[in-house]
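Here is the structure we will look at.
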Amino acid sequence: MDKQLKEKINFKRILGIDFGKSRVGIAISDALHISVTPLLVLNYRDNNFWELLLKLIEKENVGAIVVGKPIYDTESNSHLELIEHLEKFIEELKIKSELPVFIQDESFSSKKAVTTMLEIGKKKKFRATKGSTDKIAAAIILQDFINYLE
């Protein structure tokens with residue numbers, strides 16, 4: 001990452017996003033990029049999705065956004081359809097937020113999220129709750145990006 005960009009996001013929080021056609025998991029870093037917190041899940045199909053996301057970005061003093069994108073090589077129709085939706089989402093996010101948006105490989109982040117929940121002792125009821133995996137996957141994506149910055 002170039003020095004100018006690193007300075008631009010210094011002391012600003014980074015938002016991590018795990019995109020899904022129904023649910024969007026969101027995590028956030030602290031201003032020093034030391035810790036990451038799974039934050040919430042937004043319903044991508046809600047009419048006020050963009051309004052909620054943009055208010056969150058403003059409220060949390062976000063300086064950059066990282067979006068997970070699976071990089072593994074597959075040609076399945078479902079994978080290609082998801083990538084198409086994801087790329088449209090990223091373009092709209094860049095325009096609406098006016099922030100730098102980075103892509104981070106999210107291959108297997110949902111599996112890592114389930115493993116993480118098991119390791120920290122989350123009960124089956126919590127793990128089965130819709131969105132639990134999404135916001136933890138967003139945190140994993142964001143942490144991987146922050147590790148990359150260092």
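Scheme for the structure tokens: letters A, B, ... for chains in order shown; per-chain residue numbers from 1; ligand numbers from 1 in order shown.
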I'd like the neighbourhood of segment 22-29 of chain A as number ranges by chain, where a residue qualifies if any of its atoms comes within 10 Å (using only C-alpha atoms), though same-chain residues fewer than 6 positions away should be ignored.
A: 12-16, 35-46, 49, 53, 57, 60, 62, 65-67, 130-143, 146
A:Ile83, A:Ile71, A:Leu56, A:Ala64: which is nearest Lys8 of chain A, counting only C-alpha atoms?
A:Ala64
Closest of A:Lys69, A:Asn147, A:Glu7, A:Glu98 to Leu86 of chain A - atom-to-atom distances counting only C-alpha atoms
A:Lys69
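The space separating atom CA of Val101 of chain A from atom CA of Gly63 of chain A comes to 9.5 Å.
Here atom CA of Leu32 of chain A is placed at a distance of 21.5 Å from atom CA of Leu54 of chain A.
Across the structure, atom CA of Ser97 of chain A and atom CA of Leu52 of chain A are spaced 11.8 Å apart.
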As an MDAnalysis selection string, please: the residues near Glu87 of chain A (cut-off 12 Å, only C-alpha atoms, same-chain neighbours under 5 positions excluded).
chainID A and resid 19:21 67:70 80:82 92:94 101:103
Residue selection dump (C-alpha atoms) as a short mmCIF file (atom, residue, chain, number, x, y, z; two decimals), in the first residue's frame:
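Done, and the output landed in result_34.cif:
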```
data_model
loop_
_atom_site.label_atom_id
_atom_site.label_comp_id
_atom_site.auth_asym_id
_atom_site.auth_seq_id
_atom_site.Cartn_x
_atom_site.Cartn_y
_atom_site.Cartn_z
CA PHE A 19 -21.23 -9.43 1.06
CA GLY A 20 -24.13 -11.73 0.41
CA LYS A 21 -27.15 -11.28 -1.85
CA VAL A 67 -14.84 -5.98 0.92
CA GLY A 68 -14.29 -9.70 0.82
CA LYS A 69 -14.22 -11.34 -2.59
CA PRO A 70 -13.62 -15.05 -3.16
CA LEU A 80 -20.19 -16.34 -11.20
CA GLU A 81 -23.60 -14.90 -10.26
CA LEU A 82 -22.36 -13.93 -6.79
CA GLU A 92 -22.08 1.39 -5.97
CA LEU A 93 -20.24 1.46 -2.62
CA LYS A 94 -17.35 3.45 -4.12
CA VAL A 101 -12.61 0.48 -1.23
CA PHE A 102 -10.19 -2.43 -1.12
CA ILE A 103 -10.71 -6.06 -2.06
#
```
